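The structure under discussion appears below in the form of structure tokens.
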Amino acid sequence: MWLVRPALLDDVNQILEIAGAAGSETARLSSTLPRQHEALAEKIEHSLASLAGKATAGGQPPRFLFVLEDTVTGRIHGTAGIDARAGNGQPFYNYRRDALIHASHELGISSRVDVLYPSHALTDHTLLCSFSITPELRNTEAFELLSRARILFIAGHRDWFAQHITVEIQGVQLADGGVPFWDSLGRHFFNMDFETADQHSGVLSRTFIAELMPPNPIYVTLLSEAAQAALGQPHELTVPNLELLQREGFQAGCYLDIFDAGPVLEARTDALHTLVTSRSKTLHGASEEGGDTCLISAGEGAGFRCTLAPVADTLEGTLKVPVSIWELLDKTAGDEVRVAPC
Amino acid sequence: MWLVRPALLDDVNQILEIAGAAGSETARLSSTLPRQHEALAEKIEHSLASLAGKATAGGQPPRFLFVLEDTVTGRIHGTAGIDARAGNGQPFYNYRRDALIHASHELGISSRVDVLYPSHALTDHTLLCSFSITPELRNTEAFELLSRARILFIAGHRDWFAQHITVEIQGVQLADGGVPFWDSLGRHFFNMDFETADQHSGVLSRTFIAELMPPNPIYVTLLSEAAQAALGQPHELTVPNLELLQREGFQAGCYLDIFDAGPVLEARTDALHTLVTSRSKTLHGASEEGGDTCLISAGEGAGFRCTLAPVADTLEGTLKVPVSIWELLDKTAGDEVRVAPC
Amino acid sequence: MLVIRPLQDTDLDDLYAMAQKAGKGLTTLPADRDLLQRKINLARETFNQRCAPEAGLYLFALEDTVTKKAVGISGIQARVGLDEVFYNYRLSVTVNASKELGVHVRTPTLHLSNDMTDTSEICSLLLSDEYQGGGNGLLLSRCRFMYLDEFHKHFSEKVFAEMRGVSDEQGLSPLWDALGSKFFDMEFTEADMLSGLGNKAFIAELMPKYPIYLPMLPDSARAVIGRVHGNTAPALKMLQAEGFNFNGMVDIFDGGPVVEAFVNTIRTVRDSRNRHAMVTRNAVNLDVPAAERVMVSNRSFRNFRVTTVPASCVGTDTISLSPAVAEALQIESGDPVRLAPLKDRGKWKAQRQR
Amino acid sequence: MLVIRPLQDTDLDDLYAMAQKAGKGLTTLPADRDLLQRKINLARETFNQRCAPEAGLYLFALEDTVTKKAVGISGIQARVGLDEVFYNYRLSVTVNASKELGVHVRTPTLHLSNDMTDTSEICSLLLSDEYQGGGNGLLLSRCRFMYLDEFHKHFSEKVFAEMRGVSDEQGLSPLWDALGSKFFDMEFTEADMLSGLGNKAFIAELMPKYPIYLPMLPDSARAVIGRVHGNTAPALKMLQAEGFNFNGMVDIFDGGPVVEAFVNTIRTVRDSRNRHAMVTRNAVNLDVPAAERVMVSNRSFRNFRVTTVPASCVGTDTISLSPAVAEALQIESGDPVRLAPLKDRGKWKAQRQR
């Protein structure tokens, strides 16, 4: 069985294996997941404090990290995070793509001039982040479970999160590791390769972005052709994730990632599909494994659990779920759970 | 009876009376209506050409001007316009209000810095404009007729208009004529008073805005307090109009008028209330004046007419309307009309 | 004899012929008769002080007194940026640094600037091919410094010159290709021509307003920023010898540098001396090398005239001039004149300074 | 006798006392023992060439040889903007014009700039109250030009000084109130102090990046841009006399001007002359007015020393120095020394030039 639960300090080594080897495809797809033992442990501690509803040192807003566990082997196969407030108390950087129209009345010329404006407009939105999964699980129901479990968590702890929710999709990266947008823009100012900058942004304070980012708007027409083509384009590996998020109700707007120009998706939190379609139910036993497979979650804070189970609904608002699932959720008959259709 | 119909060249003098005396309250509220005979005549000619579906010299997009006529006296009491494409082939200027977050990690300081970016993002949206009405008709059904008739025109000529529709609401102006936002910003660059600039923007090519507008973004915190307070605020006289437009589905976004910082309202054209609730019906006679008062329009292009009438609907999709109205609309039984509830 | 004098109506044909031959390089003197006539008119108004001093355009012709033809032209614009907005890019540096990461990056950056507004410009230099050499170009250029000095109240303290930037044989400019062409939907030569014709509203309308970070431009474009066209290198060298320095501004189209100097530090100005004319019939060999010549001006505002004579004519308080030279300068014995060496380290100067 | 020499460890207490007295005006020398000690250490490393040449901080003390106390300090920063990003505003002009409307408007505009990066700065001048007057301030300031000239390879061609801007008795700055305070949620003195302590990351983080149009600031703020504090006016006058000019840059906090000069055109440099020391026991009246004194340096990089002697001591090839002066300069007869007048139009200079 696949189970999504909060990350624990004991998970550090296994998570590092997933986030692990620099340059692996998995790693590239999870820039906000630290690759250093200490930084990761801190992130998990912060998550645990957030789950306990505790204020943390420095008054950082809550951040949560969940893992995908194979309950048979006990092994961890993926991670998924939520930052309650994008930027975590500091500015959250994006480029906002906008167009100016340069027109000469006298010459009868009119042209559209695309400009990338530095923007912090998404600061303090809730952010889905730190998503990583072992490659063999892509396009499986475990993948969907891991991603959507977060929305059930948000549904169960709605007060902790903002009205708007955002997720950054990794942008175009070539087979040789080159990132066209970065190579055309950021590299000149940060004087480092994409991997390094991306890792810094996950681990360090974001002061370095304020310090190193070009302070003025950027004309798109001066970017390399490859960089222009990459604006707002997702990395091909992220397409399944992107589609999943679009089904959730996320839409690409005018914001782009400052490092790789990947699209930034936005949604109203209360309009997320999983949240809207989820229902609170009372847990009951099922004699046989019948019914549609659903996402089912239970528990508050550190007790949060989410899994997939065949569910039979009853007219009385109770839910028949196999007893094996009760244990996984750490709940028993009569307890409240939250269920959402797959 | 009140009738809305396309403006004709014969109307010039009467329109000038309404738009007329500089400094009158009416005049202030209709900056895109020229106050010069020749310019107004040109505008009407352009409207007539547009109504005839003719391309105009210089390839300017269609622009329409309608008048509100008292059919008893034949006098004109108001005007309302539509520009099919805001900017009329040139950039349409707004300020886009956005916030940057200036935060120092080390000092633990974080502040929101509002910035006004020059923007042309609303260029080519359809624009409602040139609205003026004699003061005694404010808050009457004639007022509503004049404003909403345009939406019925759009409904009947949907292909001529864009997907998005915009309307600029006049911003704060003091009793002494001073415009706080202009006095704090534009005046320094345009070296003229608000009235002059506003009139130029209605009459001249907008080249002068490209030439005179400050080329860089503006920090809100450096505006005068009165100007800051005026950002996005409507002139009090426009409140009835604003409310009417809000009922239509228009909403204020992040755009502001570059001269007075009045709010710029936006809507999806196809979602406009009058458009969504309007129906095509076949005209029939009514023996008695019964039924709810509705907006009723008919005619294509230069034949467009719109008035208010008590209407009795039938189950068969026909419409019973007093015969006096038929004449007003220049239609007869069996002709198609468009009707929308008040 | 070659003499500098104010440009006049009768010069139109000669000027037009020169402009036609010069081709595309000289944007301030396009081969357009109407425009050239307007410039002549403006120059006449200027010398006659019938236009606002700051609007003045002082144009000088180099006349061959034998053929009575104008064979060269040069000018001074009293103030730029009054009628039309005057644009340059300022070549600046943006520094981004992070202590935390040990990163320190300098990014050369072009900022759109109007900072030359209200400054006097030396401009419009053009010399017929047949008259190249023999110091004629120097005379045409340097006579302006004598005028600037003489009538400095009409000009700014600092003067500048825009130097033609790099372009290839086809008139293609690497900077234009990488930058301007992305914003102006026209050819370099067309843009340059429009700008030269004084039609600059299109620049305000079409120009990118935000700074341009140079690392985003290709090497070919970055390489030409602040560099002059091969044909202009001698002119640059001459101005540098006069004390002009690159002031950090470049042309918005081709990246050519702007050089500037304070009038009172220009070498020609510093080395100028006053004398009185002494018209004499003593035979003087006028045909000496440029290094042995001095420029003599008649110090007239309205009818400024300059020619060159051998340095050997210069005395302690006077200068001996033949009747022909005096006539060319429209002076008589006893009239004050002002001298300056034609060449750097010219003989006369060396004599005077040691 | 007062002698200039490199700052050394034993000066910490004197320096601290001076900094305390000076109060808030001098941001590069705050009364902070740790910081001052670090500066002394850096200066030692610099004179001993144990740090990168471009990181050098050359600090000189003015020592009273009687009391052995340091009574003044002045310095040269080899290059600014290397360790921390160096910010100024460039005072520029934005021109907007419309022919159609006949409008032409010039808007003074502040652009954030890092353009002083890599330039040498003269800085940190401080003189004890009891030693004001008698040319001591001139010595403290001008000894730096002798050093810049002598070791010009270690410095940029151009040097600059930031002049303290206008603030009132309470330390309130009109420009800060109108501009900085809107973006930095702190007091002017705190910001200035943080900046002086070398903690400049906050500037990159909090500073407005887009240009500031001056008409949007109140008159009180506009009036002080490019103007110096009353207390700094004499220092500005001194630098102007040396040939320093306002270069269009102003301080981002208080609007004080930046003045700059090419080292080789600084008056002290131009008027410097070499001599050989001749130690003599002839009685010389050392107590002559500043105008009649010359500065004498021992031309040493590591142990640079300068003092003043009467101009009357200067001979054609030599200069007569008393044993006490020679000892103070740590030289002997026959050693080369370099001289420069202490005051503008000082007696010695006048003698030399005519």
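We name chains A, B, ... following the order of the structure tokens; residues begin at 1 in each chain, and ligands are numbered from 1 as shown.
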Original post:
If you count only C-alpha atoms, which residues fall within 10 Å of Tyr87 in chain D, apart from same-chain ones fewer than 5 positions away, as a PyMOL selection string?
Top reply: (chain C and resi 94-95) or (chain D and resi 80-81+112-117+200+203-204+207+249-253)
Please build the interface table for chain C against chain B with a cut-off of 8 Å, listing for each qualifying residue the nearest atom pair and the distance in Å to one decimal; count only C-alpha atoms, order rows by chain and increasing number, and write it as a tab-separated table.
residue	atom	partner	partner_atom	distance
C:Ala201	CA	B:Glu211	CA	7.1
C:Ala204	CA	B:Glu211	CA	5.5
C:Glu205	CA	B:Ala210	CA	5.4
C:Lys209	CA	B:Pro215	CA	6.0
C:Tyr210	CA	B:Asn216	CA	7.3
**OP:** Would you give me, as a list in words, the residues of chain A that come within 7 Å of chain B, using only C-alpha atoms?
**Re:** Gln90, Pro91, Ala99, Leu100, Ile101, Ala103, His105, Ser119, His120, Ala121 and Thr207 of chain A
**OP:** Within 8 Å of range 41-54 of chain D, counting only C-alpha atoms, which residues show up once you throw out same-chain ones fewer than 5 positions away? Write them as a VMD selection string, please.
**Re:** chain D and resid 6 to 9 59 78 to 79 154 to 155 301 to 303
Give me a file of those residues, with all heavy atoms, as a short mmCIF file (atom, residue, chain, number, x, y, z; two decimals), in the first residue's frame.
data_model
loop_
_atom_site.label_atom_id
_atom_site.label_comp_id
_atom_site.auth_asym_id
_atom_site.auth_seq_id
_atom_site.Cartn_x
_atom_site.Cartn_y
_atom_site.Cartn_z
N PRO D 6 52.19 56.65 8.21
CA PRO D 6 51.15 55.62 8.16
C PRO D 6 50.51 55.42 9.52
O PRO D 6 51.20 55.50 10.55
CB PRO D 6 51.91 54.37 7.71
CG PRO D 6 53.07 54.89 6.93
CD PRO D 6 53.46 56.18 7.63
N LEU D 7 49.23 55.17 9.52
CA LEU D 7 48.51 54.86 10.77
C LEU D 7 49.08 53.58 11.35
O LEU D 7 49.45 52.65 10.63
CB LEU D 7 47.03 54.67 10.45
CG LEU D 7 46.06 54.65 11.63
CD1 LEU D 7 45.97 56.03 12.26
CD2 LEU D 7 44.67 54.19 11.16
N GLN D 8 49.17 53.53 12.68
CA GLN D 8 49.74 52.32 13.29
C GLN D 8 48.92 51.89 14.51
O GLN D 8 48.05 52.62 14.99
CB GLN D 8 51.20 52.56 13.66
CG GLN D 8 51.40 53.73 14.63
CD GLN D 8 52.83 54.24 14.65
OE1 GLN D 8 53.53 54.23 13.61
NE2 GLN D 8 53.30 54.70 15.80
N ASP D 9 49.22 50.68 15.02
CA ASP D 9 48.43 50.07 16.09
C ASP D 9 48.24 50.99 17.29
O ASP D 9 47.16 51.08 17.85
CB ASP D 9 49.12 48.79 16.57
CG ASP D 9 48.65 47.60 15.77
OD1 ASP D 9 47.76 47.78 14.91
OD2 ASP D 9 49.18 46.49 15.98
N LEU D 59 45.86 54.56 5.16
CA LEU D 59 45.45 55.53 6.19
C LEU D 59 46.68 56.20 6.76
O LEU D 59 47.65 55.54 7.14
CB LEU D 59 44.66 54.83 7.29
CG LEU D 59 43.26 54.33 6.89
CD1 LEU D 59 42.62 53.59 8.06
CD2 LEU D 59 42.37 55.48 6.43
N ALA D 78 42.06 52.30 -2.20
CA ALA D 78 42.66 52.06 -3.52
C ALA D 78 41.59 51.91 -4.60
O ALA D 78 41.72 52.44 -5.71
CB ALA D 78 43.55 50.82 -3.47
N ARG D 79 40.54 51.15 -4.30
CA ARG D 79 39.45 50.96 -5.25
C ARG D 79 38.17 50.78 -4.45
O ARG D 79 38.14 49.98 -3.52
CB ARG D 79 39.63 49.68 -6.08
CG ARG D 79 40.85 49.61 -6.96
CD ARG D 79 40.67 50.46 -8.22
NE ARG D 79 41.76 50.27 -9.16
CZ ARG D 79 42.95 50.84 -9.07
NH1 ARG D 79 43.20 51.66 -8.07
NH2 ARG D 79 43.88 50.61 -9.99
N HIS D 154 49.34 52.29 -8.21
CA HIS D 154 48.45 51.58 -7.28
C HIS D 154 47.03 52.13 -7.30
O HIS D 154 46.16 51.59 -6.62
CB HIS D 154 49.01 51.64 -5.85
CG HIS D 154 50.31 50.93 -5.70
ND1 HIS D 154 50.41 49.68 -5.16
CD2 HIS D 154 51.57 51.28 -6.07
CE1 HIS D 154 51.67 49.29 -5.18
NE2 HIS D 154 52.41 50.25 -5.72
N PHE D 155 46.81 53.21 -8.02
CA PHE D 155 45.51 53.89 -7.95
C PHE D 155 44.93 54.08 -9.34
O PHE D 155 45.60 53.87 -10.35
CB PHE D 155 45.66 55.23 -7.23
CG PHE D 155 46.28 55.08 -5.86
CD1 PHE D 155 47.62 55.37 -5.64
CD2 PHE D 155 45.52 54.58 -4.80
CE1 PHE D 155 48.19 55.19 -4.37
CE2 PHE D 155 46.08 54.39 -3.55
CZ PHE D 155 47.42 54.71 -3.33
N PHE D 301 57.04 54.36 0.11
CA PHE D 301 55.74 53.70 0.01
C PHE D 301 55.29 53.18 1.37
O PHE D 301 54.18 53.42 1.82
CB PHE D 301 55.83 52.54 -0.99
CG PHE D 301 54.52 51.81 -1.17
CD1 PHE D 301 53.59 52.26 -2.08
CD2 PHE D 301 54.23 50.69 -0.40
CE1 PHE D 301 52.37 51.61 -2.24
CE2 PHE D 301 53.01 50.04 -0.55
CZ PHE D 301 52.08 50.49 -1.47
N ARG D 302 56.18 52.45 2.04
CA ARG D 302 55.79 51.77 3.28
C ARG D 302 55.76 52.70 4.48
O ARG D 302 55.08 52.43 5.46
CB ARG D 302 56.81 50.67 3.61
CG ARG D 302 56.77 49.56 2.60
CD ARG D 302 57.41 48.34 3.22
NE ARG D 302 57.28 47.23 2.30
CZ ARG D 302 57.44 45.97 2.63
NH1 ARG D 302 57.74 45.66 3.87
NH2 ARG D 302 57.28 45.02 1.75
N ASN D 303 56.59 53.71 4.43
CA ASN D 303 56.75 54.56 5.62
C ASN D 303 56.69 56.02 5.17
O ASN D 303 57.57 56.82 5.46
CB ASN D 303 58.08 54.23 6.29
CG ASN D 303 58.19 54.93 7.62
OD1 ASN D 303 57.19 55.32 8.23
ND2 ASN D 303 59.42 55.13 8.07
#
**OP:** Give the alpha helix (DSSP H) residues of range 69-191 of chain A, as assigned by DSSP on the backbone, as a PyMOL selection string.
**Re:** chain A and resi 141-156+180-184+186-190
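Counting only C-alpha atoms, the residue from A:Thr277, A:Asn94, A:Asn13, A:Thr318 that sits nearest to Leu152 in chain A is A:Thr277.
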